[in-house]
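Trainee: Here it is: the structure, laid out below.
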Amino acid sequence: MSETSDPDRQSRRPGKAVPTRRMSFEASFRDVPKHFAGDGDLIGSHLTAALSSVFPDGEEFFVRSVRHFRDQITEPAFKKQVAGFIGQESVHGREHRVFNDRLDELGYPAKRLERVTDRLLRARERVLSPKSNLAVTAALEHFTATLAELVLTSEEVRDQLGHPAVRDLFVWHALEESEHKAVAFDVYRAVGGGERMRVNTMKVLRCAFVIYIGSNIVLSLARDGDSFRRGKLLRSLRLFRRSPLVSKEVWSTLKEYDRPGFHPEDRDTSTLIEQWRTELFGADGTLNDKLATASA
């Protein structure tokens with residue numbers, strides 16, 4: 001693929017809606033207990049907290065990476081998708097930061113991990129090119145899209161999230177990740193991002209992301225006195241090893257990104273998106289009470 005800019009290249013699905021919904025979950029987080037995952041699961045709670053801890057500054061990095069090239073996108077429908085991506089990611093970061101405030105109150109190192117994540121990403125921006133950072137964003141968007149599809153299709157995974165407020169936060173996040181899963185990828189292609197950089201970036205990130213999240217979980221567990229109660233951690237580990245989150249299918253889906261000619265829309269989740277839009281935001285939507293405004 002050419003490395004020269006092609007700003008008028010359209011997205012794979014130019015008519016796909018990426019609405020910005022202004023949400024507020026803060027009130028519902030107030031009664032989230034320390035071990036909020038299903039059945040008070042220890043590792044499940046710390047895993048969810050570790051993921052939430054990287055989201056706010058990760059989402060801000062995504063927004064900066066895409067916004068850098070925003071002026072090079074001229075096709076109107078594509079520009080609208082880019083605006084929707086920026087809007088959605090900004091709200092995700094804000095709501096996860098509020099959740100992390102509650103996690104911090106409960107004893108999780110959420111705010112500390114926010115700061116570490118921010119420093120690492122800003123250091124990367126200082127030494128690597130904007131196109132390289134966009135390649136990271138496109139690759140990590142495949143991570144979030146893969147996890148989002150799992151959340152939306154697996155009742156078991158939703159049950160593992162436990163507390164209704166946590167489940168609502170992650171299901172809403174999963175819907176919007178599915179809605180905009182191709183936007184950063186399409187921007188990367190539109191500005192001449194090459195296949196070699198795209199694939200090599202993912203090969204590094206697949207391992208780096210797992211190691212980073214895994215390390216944060218271990219450090220978080222080490223601060224939790226319940227980790228040292230006889231048998232509690234071992235029981236939780238047995239549950240974790242059976243979770244769909246660590247299945248071979250998830251790893252195989254992540255590796256699809258390496259395929260020549262890959263595009264996020266190769267996995268058609270349009271029916272799933274419509275199902276959850278209706279479930280969450282239809283006439284009787286379960287999250288309408290958390291919705292302030294939405295813009296297409």
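Every chain in the structure tokens has a letter given in the order shown (A, B, ...), and although residue numbers restart at 1 in each chain, ligands are simply numbered from 1 in the order shown.
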Within 8 Å of Ile43 of chain A, counting only C-alpha atoms, which residues qualify if same-chain residues fewer than 5 places away don't, as an MDAnalysis selection string?

Mentor: chainID A and resid 217 221 233 236:237 240

Trainee: Grab the residues selected above and save them as an mmCIF file, in the first residue's frame with C-alpha atoms.

Mentor:
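What landed in selection_1.cif:
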```cif
data_model
loop_
_atom_site.group_PDB
_atom_site.id
_atom_site.type_symbol
_atom_site.label_atom_id
_atom_site.label_comp_id
_atom_site.auth_asym_id
_atom_site.auth_seq_id
_atom_site.Cartn_x
_atom_site.Cartn_y
_atom_site.Cartn_z
ATOM 1 C CA ILE A 217 -3.733 -6.782 37.933
ATOM 2 C CA LEU A 221 -4.170 -7.860 43.866
ATOM 3 C CA LEU A 233 -7.310 -16.284 45.214
ATOM 4 C CA SER A 236 -10.891 -16.977 41.722
ATOM 5 C CA LEU A 237 -8.044 -18.169 39.493
ATOM 6 C CA PHE A 240 -10.716 -16.843 35.557
#
```

Trainee: When you draw a straight line from atom CA of Met202 of chain A to atom CA of Glu256 of chain A, how long is it in Å?

Mentor: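 According to the coordinates, atom CA of Met202 of chain A and atom CA of Glu256 of chain A are separated by 10.3 Å.
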
Trainee: Find the residues around Arg277 of chain A up to 10 Å (only C-alpha atoms counted), leave out those fewer than 6 positions away in its own chain, and share them as JSON, numbers by chain.

Mentor: {"A": [172, 175, 176, 179, 271, 285, 287]}

Trainee: For each of A:Glu95, A:Asp258, A:Asp266, A:Asp39, take the minimum atom-to-atom distance to Ala165 of chain A, counting only C-alpha atoms, then give the residue where this is smallest.

Mentor: A:Glu95

Trainee: Counting only C-alpha atoms, what is within 10 Å of Phe170 of chain A, bar same-chain residues fewer than 2 positions away, as a list in words?

Mentor: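 After dropping sequence-adjacent residues, the list is Thr48, Ser52, His92, His96, Ala148, Val151, Leu152, Arg158, Leu161, Pro164, Ala165, Val166, Arg167, Asp168, Trp172, His173, Ala174, Leu175 and Glu176 of chain A.
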
Trainee: May I have the selected residues written with C-alpha atoms, as a short mmCIF file (atom, residue, chain, number, x, y, z; two decimals), in the first residue's frame?

Mentor:
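Wrote selection24.cif, looks like this:
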```cif
data_model
loop_
_atom_site.label_atom_id
_atom_site.label_comp_id
_atom_site.auth_asym_id
_atom_site.auth_seq_id
_atom_site.Cartn_x
_atom_site.Cartn_y
_atom_site.Cartn_z
CA THR A 48 -12.23 -4.92 35.31
CA SER A 52 -11.02 0.87 33.45
CA HIS A 92 -15.91 7.15 27.47
CA HIS A 96 -14.41 5.79 33.21
CA ALA A 148 -16.90 -5.29 22.95
CA VAL A 151 -19.48 -8.40 26.04
CA LEU A 152 -22.46 -7.92 23.72
CA ARG A 158 -21.95 -9.63 31.30
CA LEU A 161 -19.11 -7.82 35.43
CA PRO A 164 -25.48 -3.42 37.62
CA ALA A 165 -23.70 -0.04 37.42
CA VAL A 166 -20.48 -1.67 36.25
CA ARG A 167 -22.34 -3.84 33.80
CA ASP A 168 -24.23 -0.83 32.39
CA TRP A 172 -22.72 0.97 26.83
CA HIS A 173 -18.99 1.28 26.16
CA ALA A 174 -19.07 -1.98 24.18
CA LEU A 175 -21.93 -0.76 21.99
CA GLU A 176 -20.12 2.43 21.07
#
```

Trainee: Report, in Å to a single decimal, how far apart atom CA of Ala208 of chain A and atom CA of Ala145 of chain A are.

Mentor: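 Separating atom CA of Ala145 of chain A from atom CA of Ala208 of chain A is a distance of 17.6 Å.
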
Trainee: So that I can check the surroundings of segment 99-116 of chain A, please list as a PDB file with C-alpha atoms, in the first residue's frame every protein, DNA and RNA residue that reaches within 6 Å of it, counting only C-alpha atoms and ignoring chain neighbours fewer than 5 positions away.

Mentor:
```pdb
ATOM      1  CA  LYS A  34     -15.086  -3.383  46.535  1.00  0.00           C
ATOM      2  CA  SER A  53      -7.826   2.433  34.785  1.00  0.00           C
ATOM      3  CA  VAL A  54      -6.230   2.585  31.321  1.00  0.00           C
TER       4      VAL A  54
END
```

Trainee: Which value, in Å to one decimal, gives the distance between atom CA of Val66 of chain A and atom CA of Leu134 of chain A?

Mentor: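 Taking atom CA of Val66 of chain A and atom CA of Leu134 of chain A, their separation equals 6.5 Å.
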
Trainee: Taking 2 positions as the minimum chain separation for residues in the same chain, which residues sit within 7 Å of Gly193 of chain A when counting only C-alpha atoms? Answer as a list in words.

Mentor: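 The residues satisfying every condition are Glu3, Lys131, Tyr188, Arg189, Val191 and Glu195 of chain A.
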
Trainee: Grab the residues selected above and save them as a PDB file, in the first residue's frame with C-alpha atoms.

Mentor:
```pdb
ATOM      1  CA  GLU A   3       2.562   5.615   1.970  1.00  0.00           C
ATOM      2  CA  LYS A 131       1.202   8.149  11.835  1.00  0.00           C
ATOM      3  CA  TYR A 188      -5.023   5.466   9.027  1.00  0.00           C
ATOM      4  CA  ARG A 189      -5.615   4.130   5.514  1.00  0.00           C
ATOM      5  CA  VAL A 191      -3.703   9.268   5.197  1.00  0.00           C
ATOM      6  CA  GLU A 195       0.370  -2.447   5.838  1.00  0.00           C
TER       7      GLU A 195
END
```

Trainee: Under the rule that only C-alpha atoms are counted, which of A:Phe262, A:Ser132, A:Ile86, A:Gly38 is the nearest residue to Glu156 of chain A?

Mentor: A:Gly38

Trainee: Measuring between only C-alpha atoms, which one of A:Val157, A:Val171, A:Leu291, A:Ala182 shows the shortest distance to His142 of chain A?

Mentor: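 Smallest distance to His142 of chain A is found for A:Ala182.
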
Trainee: List as a list in words the protein and nucleic acid residues near Val210 of chain A, meaning an atom at most 12 Å away when only C-alpha atoms are counted, but skip any in the same chain fewer than 4 places from it.

Mentor: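 Answer for this query is Leu47, Ala50, Leu51, Leu140, Phe143, Lys203, Val204, Leu205, Arg206, Gly214, Ser215, Asn216, Ile217, Leu245, Val246, Trp251 and Leu254 of chain A.
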
Trainee: Take the residues from that selection and write them out as a PDB file, in the first residue's frame, keeping N, CA and C atoms.

Mentor:
```
ATOM      1  N   LEU A  47      -9.428  -7.296  37.395  1.00  0.00           N
ATOM      2  CA  LEU A  47      -9.272  -7.214  35.944  1.00  0.00           C
ATOM      3  C   LEU A  47     -10.100  -6.062  35.383  1.00  0.00           C
ATOM      4  N   ALA A  50      -8.551  -2.818  36.355  1.00  0.00           N
ATOM      5  CA  ALA A  50      -7.326  -2.534  35.595  1.00  0.00           C
ATOM      6  C   ALA A  50      -7.649  -2.016  34.202  1.00  0.00           C
ATOM      7  N   LEU A  51      -8.652  -2.611  33.557  1.00  0.00           N
ATOM      8  CA  LEU A  51      -9.058  -2.130  32.234  1.00  0.00           C
ATOM      9  C   LEU A  51      -9.600  -0.707  32.313  1.00  0.00           C
ATOM     10  N   LEU A 140      -5.280  -0.837  18.786  1.00  0.00           N
ATOM     11  CA  LEU A 140      -5.964  -0.960  20.070  1.00  0.00           C
ATOM     12  C   LEU A 140      -7.477  -0.885  19.904  1.00  0.00           C
ATOM     13  N   PHE A 143      -8.554  -4.287  19.570  1.00  0.00           N
ATOM     14  CA  PHE A 143      -8.660  -4.898  20.899  1.00  0.00           C
ATOM     15  C   PHE A 143     -10.020  -4.587  21.518  1.00  0.00           C
ATOM     16  N   LYS A 203       1.432  -6.680  16.202  1.00  0.00           N
ATOM     17  CA  LYS A 203       2.207  -7.809  16.735  1.00  0.00           C
ATOM     18  C   LYS A 203       2.905  -7.437  18.048  1.00  0.00           C
ATOM     19  N   VAL A 204       3.390  -6.209  18.123  1.00  0.00           N
ATOM     20  CA  VAL A 204       4.024  -5.745  19.361  1.00  0.00           C
ATOM     21  C   VAL A 204       2.973  -5.518  20.436  1.00  0.00           C
ATOM     22  N   LEU A 205       1.871  -4.870  20.068  1.00  0.00           N
ATOM     23  CA  LEU A 205       0.862  -4.494  21.053  1.00  0.00           C
ATOM     24  C   LEU A 205       0.128  -5.696  21.640  1.00  0.00           C
ATOM     25  N   ARG A 206      -0.043  -6.746  20.859  1.00  0.00           N
ATOM     26  CA  ARG A 206      -0.769  -7.905  21.389  1.00  0.00           C
ATOM     27  C   ARG A 206      -0.108  -8.429  22.655  1.00  0.00           C
ATOM     28  N   GLY A 214      -1.794  -7.337  32.678  1.00  0.00           N
ATOM     29  CA  GLY A 214      -1.506  -8.410  33.620  1.00  0.00           C
ATOM     30  C   GLY A 214      -0.691  -7.924  34.802  1.00  0.00           C
ATOM     31  N   SER A 215       0.319  -7.098  34.529  1.00  0.00           N
ATOM     32  CA  SER A 215       1.153  -6.555  35.611  1.00  0.00           C
ATOM     33  C   SER A 215       0.337  -5.677  36.551  1.00  0.00           C
ATOM     34  N   ASN A 216      -0.556  -4.873  35.970  1.00  0.00           N
ATOM     35  CA  ASN A 216      -1.391  -4.008  36.794  1.00  0.00           C
ATOM     36  C   ASN A 216      -2.345  -4.811  37.671  1.00  0.00           C
ATOM     37  N   ILE A 217      -2.852  -5.923  37.134  1.00  0.00           N
ATOM     38  CA  ILE A 217      -3.733  -6.782  37.933  1.00  0.00           C
ATOM     39  C   ILE A 217      -2.965  -7.379  39.109  1.00  0.00           C
ATOM     40  N   LEU A 245     -13.171 -14.535  28.361  1.00  0.00           N
ATOM     41  CA  LEU A 245     -12.210 -13.462  28.101  1.00  0.00           C
ATOM     42  C   LEU A 245     -10.822 -13.979  27.761  1.00  0.00           C
ATOM     43  N   VAL A 246     -10.486 -15.173  28.248  1.00  0.00           N
ATOM     44  CA  VAL A 246      -9.149 -15.720  27.998  1.00  0.00           C
ATOM     45  C   VAL A 246      -9.221 -16.956  27.101  1.00  0.00           C
ATOM     46  N   TRP A 251      -8.204 -14.724  21.257  1.00  0.00           N
ATOM     47  CA  TRP A 251      -6.859 -14.536  20.711  1.00  0.00           C
ATOM     48  C   TRP A 251      -6.861 -14.676  19.189  1.00  0.00           C
ATOM     49  N   LEU A 254      -8.169 -11.489  17.669  1.00  0.00           N
ATOM     50  CA  LEU A 254      -7.149 -10.438  17.702  1.00  0.00           C
ATOM     51  C   LEU A 254      -6.130 -10.638  16.575  1.00  0.00           C
TER      52      LEU A 254
END
```

Trainee: Among the residues of segment 33-265 of chain A, find those DSSP assigns to helix (DSSP H, G or I) from the backbone and print them as a PyMOL selection string.

Mentor: chain A and resi 38-40+42-67+70-72+76-105+110-127+130-153+155-161+164-179+183-190+195-222+225-228+232-241+244-246+248-258+264-265

Trainee: Calculated over only C-alpha atoms, which of the candidates A:Arg22, A:Lys181, A:Arg235, A:Arg119 has the smallest distance to His263 of chain A?

Mentor: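 Closest residue, counting only C-alpha atoms: A:Lys181.
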